[in-house]
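Next comes work.cif, with mmCIF, N, CA and C atoms.
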```
data_data
loop_
_atom_site.label_atom_id
_atom_site.label_comp_id
_atom_site.auth_asym_id
_atom_site.auth_seq_id
_atom_site.Cartn_x
_atom_site.Cartn_y
_atom_site.Cartn_z
N MET A 1 3.24 9.39 -9.32
CA MET A 1 2.28 8.97 -8.33
C MET A 1 1.01 8.53 -9.07
N ASP A 2 0.53 7.34 -8.75
CA ASP A 2 -0.68 6.80 -9.36
C ASP A 2 -1.79 6.76 -8.32
N TRP A 3 -2.93 7.37 -8.65
CA TRP A 3 -4.05 7.38 -7.71
C TRP A 3 -4.89 6.13 -7.92
N VAL A 4 -4.96 5.29 -6.88
CA VAL A 4 -5.76 4.07 -6.92
C VAL A 4 -7.21 4.40 -6.59
N THR A 5 -7.40 5.26 -5.61
CA THR A 5 -8.71 5.79 -5.25
C THR A 5 -8.53 7.30 -5.12
N PRO A 6 -9.59 8.05 -4.96
CA PRO A 6 -9.42 9.51 -4.78
C PRO A 6 -8.60 9.90 -3.55
N LYS A 7 -8.43 8.97 -2.60
CA LYS A 7 -7.68 9.30 -1.39
C LYS A 7 -6.39 8.51 -1.22
N LEU A 8 -6.14 7.53 -2.09
CA LEU A 8 -4.97 6.66 -1.94
C LEU A 8 -4.13 6.65 -3.20
N ALA A 9 -2.88 7.08 -3.06
CA ALA A 9 -1.92 7.06 -4.17
C ALA A 9 -0.80 6.09 -3.84
N ILE A 10 -0.20 5.51 -4.90
CA ILE A 10 0.96 4.66 -4.72
C ILE A 10 2.06 5.13 -5.66
N SER A 11 3.28 4.98 -5.21
CA SER A 11 4.40 5.38 -6.06
C SER A 11 5.67 4.72 -5.58
N GLY A 12 6.70 4.92 -6.38
CA GLY A 12 8.04 4.56 -5.96
C GLY A 12 8.59 5.69 -5.13
N TYR A 13 9.88 5.82 -5.13
CA TYR A 13 10.57 6.82 -4.33
C TYR A 13 10.17 8.24 -4.74
N PRO A 14 9.61 9.05 -3.84
CA PRO A 14 9.24 10.42 -4.20
C PRO A 14 10.50 11.24 -4.51
N SER A 15 10.47 11.97 -5.59
CA SER A 15 11.60 12.83 -5.95
C SER A 15 11.21 14.28 -5.67
N SER A 16 12.13 15.17 -5.97
CA SER A 16 11.84 16.59 -5.79
C SER A 16 10.75 17.05 -6.75
N LYS A 17 10.45 16.25 -7.77
CA LYS A 17 9.40 16.60 -8.74
C LYS A 17 8.03 16.03 -8.35
N THR A 18 8.00 15.19 -7.31
CA THR A 18 6.74 14.60 -6.88
C THR A 18 5.91 15.64 -6.15
N ASP A 19 4.68 15.84 -6.62
CA ASP A 19 3.78 16.81 -6.01
C ASP A 19 3.14 16.18 -4.77
N LEU A 20 3.59 16.60 -3.61
CA LEU A 20 3.05 16.08 -2.35
C LEU A 20 1.96 16.97 -1.77
N SER A 21 1.62 18.03 -2.48
CA SER A 21 0.59 18.94 -1.96
C SER A 21 -0.75 18.20 -1.89
N GLY A 22 -1.48 18.49 -0.88
CA GLY A 22 -2.78 17.85 -0.69
C GLY A 22 -2.72 16.55 0.07
N LEU A 23 -1.52 16.01 0.28
CA LEU A 23 -1.39 14.76 1.03
C LEU A 23 -1.44 15.04 2.53
N THR A 24 -2.10 14.17 3.25
CA THR A 24 -2.14 14.24 4.70
C THR A 24 -0.97 13.46 5.29
N ALA A 25 -0.62 12.34 4.63
CA ALA A 25 0.43 11.48 5.17
C ALA A 25 1.05 10.62 4.08
N ILE A 26 2.23 10.11 4.40
CA ILE A 26 2.93 9.15 3.56
C ILE A 26 3.15 7.91 4.42
N VAL A 27 2.85 6.74 3.87
CA VAL A 27 3.18 5.48 4.53
C VAL A 27 4.37 4.92 3.78
N ASN A 28 5.50 4.89 4.45
CA ASN A 28 6.76 4.44 3.87
C ASN A 28 6.98 2.97 4.20
N LEU A 29 7.02 2.12 3.17
CA LEU A 29 7.19 0.68 3.38
C LEU A 29 8.64 0.25 3.35
N ASP A 30 9.56 1.20 3.28
CA ASP A 30 11.00 0.91 3.28
C ASP A 30 11.56 0.98 4.69
N ARG A 31 12.74 0.42 4.86
CA ARG A 31 13.43 0.46 6.14
C ARG A 31 14.13 1.79 6.38
N TYR A 32 14.18 2.62 5.39
CA TYR A 32 14.88 3.91 5.50
C TYR A 32 14.04 5.01 4.87
N THR A 33 14.29 6.22 5.27
CA THR A 33 13.64 7.40 4.70
C THR A 33 14.72 8.42 4.38
N PRO A 34 15.32 8.35 3.20
CA PRO A 34 16.44 9.24 2.89
C PRO A 34 16.02 10.61 2.35
N TYR A 35 14.81 11.02 2.60
CA TYR A 35 14.34 12.32 2.14
C TYR A 35 13.59 12.98 3.28
N THR A 36 13.39 14.27 3.18
CA THR A 36 12.62 14.99 4.18
C THR A 36 11.43 15.65 3.52
N THR A 37 10.37 15.77 4.26
CA THR A 37 9.15 16.39 3.76
C THR A 37 8.36 16.93 4.95
N ALA A 38 7.55 17.92 4.69
CA ALA A 38 6.69 18.46 5.72
C ALA A 38 5.47 17.57 5.95
N VAL A 39 5.21 16.66 5.02
CA VAL A 39 4.07 15.76 5.14
C VAL A 39 4.39 14.68 6.18
N ARG A 40 3.43 14.39 7.03
CA ARG A 40 3.60 13.34 8.04
C ARG A 40 4.01 12.04 7.35
N CYS A 41 5.03 11.39 7.89
CA CYS A 41 5.53 10.15 7.31
C CYS A 41 5.52 9.04 8.36
N GLU A 42 4.80 7.98 8.06
CA GLU A 42 4.74 6.81 8.93
C GLU A 42 5.66 5.74 8.36
N GLN A 43 6.66 5.36 9.11
CA GLN A 43 7.62 4.34 8.71
C GLN A 43 7.07 2.98 9.11
N MET A 44 6.71 2.14 8.13
CA MET A 44 6.15 0.82 8.39
C MET A 44 6.80 -0.17 7.44
N PRO A 45 8.06 -0.53 7.70
CA PRO A 45 8.80 -1.33 6.73
C PRO A 45 8.29 -2.75 6.53
N LEU A 46 8.24 -3.13 5.26
CA LEU A 46 7.97 -4.50 4.85
C LEU A 46 9.10 -4.90 3.91
N ILE A 47 9.24 -6.20 3.67
CA ILE A 47 10.24 -6.66 2.71
C ILE A 47 9.54 -7.30 1.52
N ASP A 48 10.19 -7.28 0.36
CA ASP A 48 9.65 -7.99 -0.79
C ASP A 48 9.83 -9.48 -0.56
N GLY A 49 8.90 -10.25 -1.04
CA GLY A 49 9.01 -11.69 -0.95
C GLY A 49 8.53 -12.25 0.37
N PRO A 50 8.89 -13.50 0.63
CA PRO A 50 8.47 -14.12 1.88
C PRO A 50 9.21 -13.49 3.05
N GLY A 51 8.65 -13.64 4.22
CA GLY A 51 9.33 -13.13 5.40
C GLY A 51 8.53 -12.09 6.18
N ASN A 52 7.44 -11.60 5.62
CA ASN A 52 6.59 -10.67 6.35
C ASN A 52 5.54 -11.45 7.12
N ALA A 53 5.47 -11.21 8.40
CA ALA A 53 4.42 -11.85 9.20
C ALA A 53 3.08 -11.24 8.81
N PRO A 54 2.05 -12.07 8.65
CA PRO A 54 0.72 -11.51 8.34
C PRO A 54 0.30 -10.42 9.32
N SER A 55 0.66 -10.57 10.59
CA SER A 55 0.28 -9.56 11.58
C SER A 55 0.97 -8.22 11.30
N ALA A 56 2.19 -8.23 10.79
CA ALA A 56 2.89 -6.99 10.47
C ALA A 56 2.22 -6.28 9.29
N ILE A 57 1.79 -7.06 8.30
CA ILE A 57 1.10 -6.47 7.15
C ILE A 57 -0.27 -5.95 7.58
N ALA A 58 -0.95 -6.69 8.45
CA ALA A 58 -2.25 -6.24 8.96
C ALA A 58 -2.10 -4.91 9.70
N MET A 59 -1.00 -4.74 10.45
CA MET A 59 -0.77 -3.48 11.16
C MET A 59 -0.60 -2.32 10.18
N VAL A 60 0.08 -2.56 9.05
CA VAL A 60 0.24 -1.53 8.02
C VAL A 60 -1.14 -1.14 7.48
N LEU A 61 -1.97 -2.12 7.21
CA LEU A 61 -3.31 -1.84 6.67
C LEU A 61 -4.17 -1.09 7.68
N GLU A 62 -4.08 -1.44 8.94
CA GLU A 62 -4.85 -0.73 9.97
C GLU A 62 -4.38 0.72 10.09
N LYS A 63 -3.08 0.96 10.02
CA LYS A 63 -2.55 2.32 10.07
C LYS A 63 -2.97 3.10 8.83
N LEU A 64 -2.90 2.46 7.67
CA LEU A 64 -3.33 3.10 6.43
C LEU A 64 -4.80 3.49 6.53
N ASP A 65 -5.63 2.62 7.06
CA ASP A 65 -7.05 2.90 7.23
C ASP A 65 -7.26 4.12 8.13
N GLU A 66 -6.53 4.17 9.22
CA GLU A 66 -6.61 5.29 10.16
C GLU A 66 -6.22 6.61 9.46
N LEU A 67 -5.14 6.58 8.70
CA LEU A 67 -4.67 7.79 8.01
C LEU A 67 -5.63 8.23 6.91
N LEU A 68 -6.23 7.27 6.22
CA LEU A 68 -7.16 7.62 5.15
C LEU A 68 -8.44 8.27 5.68
N GLU A 69 -8.76 8.04 6.94
CA GLU A 69 -9.93 8.68 7.54
C GLU A 69 -9.77 10.19 7.59
N SER A 70 -8.52 10.66 7.66
CA SER A 70 -8.30 12.10 7.81
C SER A 70 -7.76 12.78 6.55
N GLY A 71 -7.62 12.05 5.45
CA GLY A 71 -7.16 12.72 4.23
C GLY A 71 -6.55 11.78 3.21
N LYS A 72 -5.76 12.39 2.32
CA LYS A 72 -5.13 11.65 1.23
C LYS A 72 -3.77 11.12 1.66
N VAL A 73 -3.48 9.88 1.23
CA VAL A 73 -2.27 9.20 1.67
C VAL A 73 -1.50 8.68 0.46
N LEU A 74 -0.19 8.83 0.52
CA LEU A 74 0.71 8.23 -0.46
C LEU A 74 1.33 7.00 0.18
N LEU A 75 1.19 5.88 -0.47
CA LEU A 75 1.79 4.62 -0.04
C LEU A 75 2.99 4.39 -0.93
N HIS A 76 4.18 4.27 -0.36
CA HIS A 76 5.34 4.11 -1.24
C HIS A 76 6.44 3.26 -0.66
N CYS A 77 7.26 2.76 -1.55
CA CYS A 77 8.53 2.11 -1.24
C CYS A 77 9.49 2.48 -2.37
N ALA A 78 10.75 2.18 -2.20
CA ALA A 78 11.76 2.65 -3.16
C ALA A 78 11.46 2.21 -4.59
N ALA A 79 11.19 0.96 -4.81
CA ALA A 79 10.95 0.49 -6.17
C ALA A 79 9.50 0.73 -6.60
N GLY A 80 8.57 0.56 -5.68
CA GLY A 80 7.17 0.83 -6.00
C GLY A 80 6.50 -0.21 -6.87
N VAL A 81 7.17 -1.33 -7.14
CA VAL A 81 6.57 -2.29 -8.06
C VAL A 81 5.98 -3.51 -7.37
N SER A 82 6.25 -3.72 -6.11
CA SER A 82 5.76 -4.92 -5.46
C SER A 82 4.97 -4.62 -4.19
N ARG A 83 5.60 -4.01 -3.21
CA ARG A 83 4.93 -3.79 -1.93
C ARG A 83 3.76 -2.81 -2.02
N THR A 84 3.94 -1.71 -2.71
CA THR A 84 2.87 -0.70 -2.72
C THR A 84 1.58 -1.20 -3.38
N PRO A 85 1.63 -1.79 -4.58
CA PRO A 85 0.37 -2.27 -5.14
C PRO A 85 -0.21 -3.44 -4.36
N PHE A 86 0.66 -4.26 -3.74
CA PHE A 86 0.19 -5.37 -2.92
C PHE A 86 -0.61 -4.85 -1.73
N VAL A 87 -0.06 -3.89 -1.02
CA VAL A 87 -0.74 -3.33 0.15
C VAL A 87 -2.01 -2.59 -0.29
N ALA A 88 -1.95 -1.87 -1.38
CA ALA A 88 -3.14 -1.17 -1.87
C ALA A 88 -4.25 -2.16 -2.21
N ALA A 89 -3.90 -3.26 -2.89
CA ALA A 89 -4.91 -4.26 -3.25
C ALA A 89 -5.48 -4.94 -2.00
N LEU A 90 -4.63 -5.23 -1.02
CA LEU A 90 -5.13 -5.80 0.24
C LEU A 90 -6.10 -4.84 0.90
N TYR A 91 -5.74 -3.57 0.90
CA TYR A 91 -6.62 -2.57 1.52
C TYR A 91 -7.98 -2.54 0.82
N LEU A 92 -7.96 -2.53 -0.51
CA LEU A 92 -9.21 -2.51 -1.26
C LEU A 92 -10.05 -3.76 -0.99
N ALA A 93 -9.40 -4.92 -0.93
CA ALA A 93 -10.13 -6.16 -0.65
C ALA A 93 -10.73 -6.14 0.76
N TRP A 94 -10.02 -5.52 1.68
CA TRP A 94 -10.48 -5.45 3.07
C TRP A 94 -11.63 -4.46 3.22
N ARG A 95 -11.50 -3.28 2.64
CA ARG A 95 -12.45 -2.20 2.91
C ARG A 95 -13.51 -1.99 1.83
N HIS A 96 -13.41 -2.70 0.72
CA HIS A 96 -14.39 -2.57 -0.36
C HIS A 96 -14.91 -3.96 -0.71
N PRO A 97 -16.09 -4.04 -1.24
CA PRO A 97 -16.67 -5.36 -1.52
C PRO A 97 -16.05 -6.02 -2.76
N MET A 98 -14.80 -6.49 -2.63
CA MET A 98 -14.16 -7.19 -3.73
C MET A 98 -13.19 -8.23 -3.20
N GLU A 99 -12.95 -9.23 -4.02
CA GLU A 99 -11.96 -10.25 -3.69
C GLU A 99 -10.57 -9.70 -3.95
N PHE A 100 -9.55 -10.34 -3.38
CA PHE A 100 -8.18 -9.86 -3.53
C PHE A 100 -7.74 -9.83 -4.99
N ASP A 101 -8.04 -10.87 -5.77
CA ASP A 101 -7.64 -10.88 -7.19
C ASP A 101 -8.29 -9.73 -7.95
N GLU A 102 -9.54 -9.44 -7.65
CA GLU A 102 -10.25 -8.32 -8.26
C GLU A 102 -9.60 -7.00 -7.85
N ALA A 103 -9.22 -6.89 -6.60
CA ALA A 103 -8.55 -5.68 -6.10
C ALA A 103 -7.19 -5.50 -6.76
N LEU A 104 -6.47 -6.59 -7.00
CA LEU A 104 -5.18 -6.52 -7.70
C LEU A 104 -5.38 -6.00 -9.12
N GLU A 105 -6.38 -6.50 -9.80
CA GLU A 105 -6.67 -6.05 -11.17
C GLU A 105 -7.07 -4.57 -11.17
N PHE A 106 -7.88 -4.18 -10.23
CA PHE A 106 -8.29 -2.79 -10.09
C PHE A 106 -7.06 -1.89 -9.91
N THR A 107 -6.15 -2.32 -9.04
CA THR A 107 -4.91 -1.57 -8.79
C THR A 107 -4.05 -1.52 -10.04
N ALA A 108 -3.94 -2.65 -10.74
CA ALA A 108 -3.12 -2.71 -11.96
C ALA A 108 -3.62 -1.73 -13.02
N GLN A 109 -4.92 -1.58 -13.12
CA GLN A 109 -5.50 -0.67 -14.12
C GLN A 109 -5.18 0.78 -13.83
N ARG A 110 -4.82 1.09 -12.61
CA ARG A 110 -4.54 2.47 -12.23
C ARG A 110 -3.04 2.77 -12.12
N ARG A 111 -2.21 1.79 -12.44
CA ARG A 111 -0.76 1.96 -12.37
C ARG A 111 -0.20 2.43 -13.70
N SER A 112 0.83 3.25 -13.62
CA SER A 112 1.52 3.69 -14.84
C SER A 112 2.61 2.69 -15.23
N CYS A 113 2.90 1.73 -14.36
CA CYS A 113 3.85 0.68 -14.70
C CYS A 113 3.21 -0.67 -14.38
N GLU A 114 3.75 -1.71 -14.98
CA GLU A 114 3.20 -3.04 -14.81
C GLU A 114 3.40 -3.55 -13.38
N LEU A 115 2.41 -4.30 -12.90
CA LEU A 115 2.55 -4.91 -11.58
C LEU A 115 3.59 -6.02 -11.63
N ASN A 116 4.37 -6.10 -10.60
CA ASN A 116 5.40 -7.13 -10.48
C ASN A 116 5.47 -7.55 -9.02
N ILE A 117 4.41 -8.18 -8.55
CA ILE A 117 4.31 -8.51 -7.13
C ILE A 117 4.94 -9.87 -6.87
N ASP A 118 5.84 -9.90 -5.93
CA ASP A 118 6.57 -11.10 -5.57
C ASP A 118 5.60 -12.18 -5.06
N LEU A 119 5.86 -13.42 -5.46
CA LEU A 119 5.00 -14.53 -5.04
C LEU A 119 4.98 -14.72 -3.53
N GLY A 120 6.09 -14.37 -2.87
CA GLY A 120 6.13 -14.46 -1.41
C GLY A 120 5.14 -13.53 -0.75
N LEU A 121 4.92 -12.38 -1.34
CA LEU A 121 3.91 -11.46 -0.82
C LEU A 121 2.51 -12.01 -1.09
N LEU A 122 2.29 -12.46 -2.31
CA LEU A 122 0.96 -12.97 -2.68
C LEU A 122 0.54 -14.14 -1.79
N ALA A 123 1.51 -14.93 -1.33
CA ALA A 123 1.21 -16.09 -0.50
C ALA A 123 0.61 -15.73 0.86
N VAL A 124 0.83 -14.50 1.33
CA VAL A 124 0.30 -14.14 2.64
C VAL A 124 -0.98 -13.30 2.56
N ALA A 125 -1.50 -13.08 1.37
CA ALA A 125 -2.70 -12.26 1.23
C ALA A 125 -3.87 -12.82 2.03
N ASP A 126 -4.18 -14.09 1.85
CA ASP A 126 -5.33 -14.67 2.56
C ASP A 126 -5.16 -14.65 4.07
N PRO A 127 -3.99 -15.03 4.62
CA PRO A 127 -3.82 -14.94 6.08
C PRO A 127 -3.96 -13.52 6.61
N VAL A 128 -3.49 -12.53 5.87
CA VAL A 128 -3.62 -11.13 6.31
C VAL A 128 -5.09 -10.74 6.34
N LEU A 129 -5.80 -11.03 5.27
CA LEU A 129 -7.22 -10.68 5.21
C LEU A 129 -8.02 -11.42 6.28
N ALA A 130 -7.64 -12.65 6.59
CA ALA A 130 -8.32 -13.39 7.66
C ALA A 130 -8.11 -12.69 9.00
N LEU A 131 -6.90 -12.21 9.25
CA LEU A 131 -6.63 -11.48 10.50
C LEU A 131 -7.49 -10.23 10.62
N LEU A 132 -7.77 -9.61 9.49
CA LEU A 132 -8.54 -8.37 9.49
C LEU A 132 -10.05 -8.61 9.46
N GLY A 133 -10.44 -9.88 9.41
CA GLY A 133 -11.87 -10.20 9.43
C GLY A 133 -12.55 -10.12 8.08
N HIS A 134 -11.77 -10.16 7.00
CA HIS A 134 -12.35 -10.12 5.64
C HIS A 134 -13.05 -11.44 5.39
N GLU A 135 -14.28 -11.36 4.92
CA GLU A 135 -15.03 -12.57 4.62
C GLU A 135 -15.16 -12.73 3.13
N GLU A 136 -15.08 -13.96 2.65
CA GLU A 136 -15.25 -14.26 1.22
C GLU A 136 -16.63 -13.78 0.77
N LEU A 137 -16.67 -13.26 -0.45
CA LEU A 137 -17.96 -12.81 -0.99
C LEU A 137 -18.77 -13.98 -1.47
#
```
Encoded form using structure tokens:
Amino acid sequence: MDWVTPKLAISGYPSSKTDLSGLTAIVNLDRYTPYTTAVRCEQMPLIDGPGNAPSAIAMVLEKLDELLESGKVLLHCAAGVSRTPFVAALYLAWRHPMEFDEALEFTAQRRSCELNIDLGLLAVADPVLALLGHEEL
């Protein structure tokens, strides 16, 4: 688990060795949840690459924002290399005074593995941020 901010962590598939203590919720970006946990889990599936409606991604960010108000959140998908850092960077660009590219770099610096974000996801960043009312700096 890599902490992007003091309240937001991103990871791949949580294993039995993943320390979930202290988490308020998990936002699962996969279509399935093959594990059980006592931590609240919000199922909000996205797909890698093109095909995600900007409104669907905006809904994930709004839910993430709501959950972060009450505690620490783990954002994850099975591979953890594309959707999780993408959503984390979008969140940072939306809620912090930074551009999306700057937020991606910020997220990359906090990852234990290299970013590998699909171009189809990157193509919808601006439309998603526009839906959320993000203004260019």
Contacts of region 30-47 of chain A within 8 Å, only C-alpha atoms, excl. fewer than 5 positions in-chain, as a PyMOL selection string: chain A and resi 20+23-25+52+56-57+60+76-78+83
Atom-to-atom span, atom C of Gly22 (chain A) and atom N of Lys7 (chain A), Å: 9.9 Å
DSSP on the backbone: which residues in chain A end up as strand (DSSP E or B)? Give the answer as a PDB file with N, CA and C atoms, in the coordinates of the input.
```
ATOM      1  N   ASP A   2       0.530   7.340  -8.750  1.00  0.00           N
ATOM      2  CA  ASP A   2      -0.680   6.800  -9.360  1.00  0.00           C
ATOM      3  C   ASP A   2      -1.790   6.760  -8.320  1.00  0.00           C
ATOM      4  N   TRP A   3      -2.930   7.370  -8.650  1.00  0.00           N
ATOM      5  CA  TRP A   3      -4.050   7.380  -7.710  1.00  0.00           C
ATOM      6  C   TRP A   3      -4.890   6.130  -7.920  1.00  0.00           C
ATOM      7  N   VAL A   4      -4.960   5.290  -6.880  1.00  0.00           N
ATOM      8  CA  VAL A   4      -5.760   4.070  -6.920  1.00  0.00           C
ATOM      9  C   VAL A   4      -7.210   4.400  -6.590  1.00  0.00           C
ATOM     10  N   THR A   5      -7.400   5.260  -5.610  1.00  0.00           N
ATOM     11  CA  THR A   5      -8.710   5.790  -5.250  1.00  0.00           C
ATOM     12  C   THR A   5      -8.530   7.300  -5.120  1.00  0.00           C
ATOM     13  N   LEU A   8      -6.140   7.530  -2.090  1.00  0.00           N
ATOM     14  CA  LEU A   8      -4.970   6.660  -1.940  1.00  0.00           C
ATOM     15  C   LEU A   8      -4.130   6.650  -3.200  1.00  0.00           C
ATOM     16  N   ALA A   9      -2.880   7.080  -3.060  1.00  0.00           N
ATOM     17  CA  ALA A   9      -1.920   7.060  -4.170  1.00  0.00           C
ATOM     18  C   ALA A   9      -0.800   6.090  -3.840  1.00  0.00           C
ATOM     19  N   ILE A  10      -0.200   5.510  -4.900  1.00  0.00           N
ATOM     20  CA  ILE A  10       0.960   4.660  -4.720  1.00  0.00           C
ATOM     21  C   ILE A  10       2.060   5.130  -5.660  1.00  0.00           C
ATOM     22  N   SER A  11       3.280   4.980  -5.210  1.00  0.00           N
ATOM     23  CA  SER A  11       4.400   5.380  -6.060  1.00  0.00           C
ATOM     24  C   SER A  11       5.670   4.720  -5.580  1.00  0.00           C
ATOM     25  N   LEU A  23      -1.520  16.010   0.280  1.00  0.00           N
ATOM     26  CA  LEU A  23      -1.390  14.760   1.030  1.00  0.00           C
ATOM     27  C   LEU A  23      -1.440  15.040   2.530  1.00  0.00           C
ATOM     28  N   THR A  24      -2.100  14.170   3.250  1.00  0.00           N
ATOM     29  CA  THR A  24      -2.140  14.240   4.700  1.00  0.00           C
ATOM     30  C   THR A  24      -0.970  13.460   5.290  1.00  0.00           C
ATOM     31  N   ALA A  25      -0.620  12.340   4.630  1.00  0.00           N
ATOM     32  CA  ALA A  25       0.430  11.480   5.170  1.00  0.00           C
ATOM     33  C   ALA A  25       1.050  10.620   4.080  1.00  0.00           C
ATOM     34  N   ILE A  26       2.230  10.110   4.400  1.00  0.00           N
ATOM     35  CA  ILE A  26       2.930   9.150   3.560  1.00  0.00           C
ATOM     36  C   ILE A  26       3.150   7.910   4.420  1.00  0.00           C
ATOM     37  N   VAL A  27       2.850   6.740   3.870  1.00  0.00           N
ATOM     38  CA  VAL A  27       3.180   5.480   4.530  1.00  0.00           C
ATOM     39  C   VAL A  27       4.370   4.920   3.780  1.00  0.00           C
ATOM     40  N   ASN A  28       5.500   4.890   4.450  1.00  0.00           N
ATOM     41  CA  ASN A  28       6.760   4.440   3.870  1.00  0.00           C
ATOM     42  C   ASN A  28       6.980   2.970   4.200  1.00  0.00           C
ATOM     43  N   ARG A  40       3.430  14.390   7.030  1.00  0.00           N
ATOM     44  CA  ARG A  40       3.600  13.340   8.040  1.00  0.00           C
ATOM     45  C   ARG A  40       4.010  12.040   7.350  1.00  0.00           C
ATOM     46  N   CYS A  41       5.030  11.390   7.890  1.00  0.00           N
ATOM     47  CA  CYS A  41       5.530  10.150   7.310  1.00  0.00           C
ATOM     48  C   CYS A  41       5.520   9.040   8.360  1.00  0.00           C
ATOM     49  N   GLU A  42       4.800   7.980   8.060  1.00  0.00           N
ATOM     50  CA  GLU A  42       4.740   6.810   8.930  1.00  0.00           C
ATOM     51  C   GLU A  42       5.660   5.740   8.360  1.00  0.00           C
ATOM     52  N   GLN A  43       6.660   5.360   9.110  1.00  0.00           N
ATOM     53  CA  GLN A  43       7.620   4.340   8.710  1.00  0.00           C
ATOM     54  C   GLN A  43       7.070   2.980   9.110  1.00  0.00           C
ATOM     55  N   LYS A  72      -5.760  12.390   2.320  1.00  0.00           N
ATOM     56  CA  LYS A  72      -5.130  11.650   1.230  1.00  0.00           C
ATOM     57  C   LYS A  72      -3.770  11.120   1.660  1.00  0.00           C
ATOM     58  N   VAL A  73      -3.480   9.880   1.230  1.00  0.00           N
ATOM     59  CA  VAL A  73      -2.270   9.200   1.670  1.00  0.00           C
ATOM     60  C   VAL A  73      -1.500   8.680   0.460  1.00  0.00           C
ATOM     61  N   LEU A  74      -0.190   8.830   0.520  1.00  0.00           N
ATOM     62  CA  LEU A  74       0.710   8.230  -0.460  1.00  0.00           C
ATOM     63  C   LEU A  74       1.330   7.000   0.180  1.00  0.00           C
ATOM     64  N   LEU A  75       1.190   5.880  -0.470  1.00  0.00           N
ATOM     65  CA  LEU A  75       1.790   4.620  -0.040  1.00  0.00           C
ATOM     66  C   LEU A  75       2.990   4.390  -0.930  1.00  0.00           C
ATOM     67  N   HIS A  76       4.180   4.270  -0.360  1.00  0.00           N
ATOM     68  CA  HIS A  76       5.340   4.110  -1.240  1.00  0.00           C
ATOM     69  C   HIS A  76       6.440   3.260  -0.660  1.00  0.00           C
TER      70      HIS A  76
END
```
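Closest approach to Leu75 (chain A) among A:Leu121, A:Ala88, A:Gly51, A:Gly133 is made by A:Ala88 (distances from only C-alpha atoms).
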Atomic separation - CA of Val87 (chain A) relative to CA of Asp126 (chain A), Å: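 Interatomic distance here is 12.5 Å.
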Nearest to Leu131 (chain A), chosen from A:Glu99, A:Ser112, A:Ser21, A:Ala58, with only C-alpha atoms counted in the distances: A:Ala58
Where is the centre and how long are the edges: axis-aligned box on region 15-31 of chain A, 4 Å on each side, Å to one decimal, as lines of an AutoDock Vina configuration file:
```
center_x = 5.7
center_y = 9.6
center_z = -1.2
size_x = 24.9
size_y = 26.7
size_z = 23.1
```
Contacts of Arg110 (chain A) within 6 Å, only C-alpha atoms, excl. fewer than 2 positions in-chain, as a PyMOL selection string: chain A and resi 4+107-108
Extract region 58-98 of chain A from the structure I just pasted (atoms: C-alpha atoms) and return it as a tab-separated table (two decimals), in the first residue's frame.
```tsv
chain	number	residue	atom	x	y	z
A	58	ALA	CA	-16.57	11.80	-11.70
A	59	MET	CA	-18.94	9.72	-9.53
A	60	VAL	CA	-15.96	7.70	-8.23
A	61	LEU	CA	-14.14	10.92	-7.34
A	62	GLU	CA	-17.19	12.36	-5.58
A	63	LYS	CA	-17.60	9.16	-3.55
A	64	LEU	CA	-13.88	9.15	-2.73
A	65	ASP	CA	-14.17	12.76	-1.56
A	66	GLU	CA	-17.12	11.86	0.68
A	67	LEU	CA	-15.25	8.90	2.20
A	68	LEU	CA	-12.07	10.91	2.79
A	69	GLU	CA	-14.07	13.39	4.88
A	70	SER	CA	-14.54	10.69	7.51
A	71	GLY	CA	-11.15	8.97	7.49
A	72	LYS	CA	-8.46	7.09	5.62
A	73	VAL	CA	-9.28	5.38	2.34
A	74	LEU	CA	-7.59	2.70	0.27
A	75	LEU	CA	-8.16	3.05	-3.46
A	76	HIS	CA	-7.46	-0.21	-5.25
A	77	CYS	CA	-7.90	-2.44	-8.25
A	78	ALA	CA	-6.43	-5.86	-9.00
A	79	ALA	CA	-3.35	-4.72	-10.88
A	80	GLY	CA	-3.01	-1.32	-9.22
A	81	VAL	CA	-0.89	0.09	-12.03
A	82	SER	CA	-3.37	2.11	-14.06
A	83	ARG	CA	-6.75	2.92	-12.53
A	84	THR	CA	-5.67	3.62	-8.95
A	85	PRO	CA	-2.94	6.19	-9.65
A	86	PHE	CA	-5.12	7.75	-12.37
A	87	VAL	CA	-8.03	8.26	-9.98
A	88	ALA	CA	-5.70	9.45	-7.21
A	89	ALA	CA	-4.11	12.03	-9.54
A	90	LEU	CA	-7.53	13.21	-10.72
A	91	TYR	CA	-8.59	13.60	-7.11
A	92	LEU	CA	-5.48	15.63	-6.28
A	93	ALA	CA	-5.98	17.86	-9.33
A	94	TRP	CA	-9.61	18.40	-8.35
A	95	ARG	CA	-9.17	19.04	-4.63
A	96	HIS	CA	-5.67	20.55	-4.45
A	97	PRO	CA	-4.22	23.51	-6.32
A	98	MET	CA	-2.38	21.57	-9.03
```
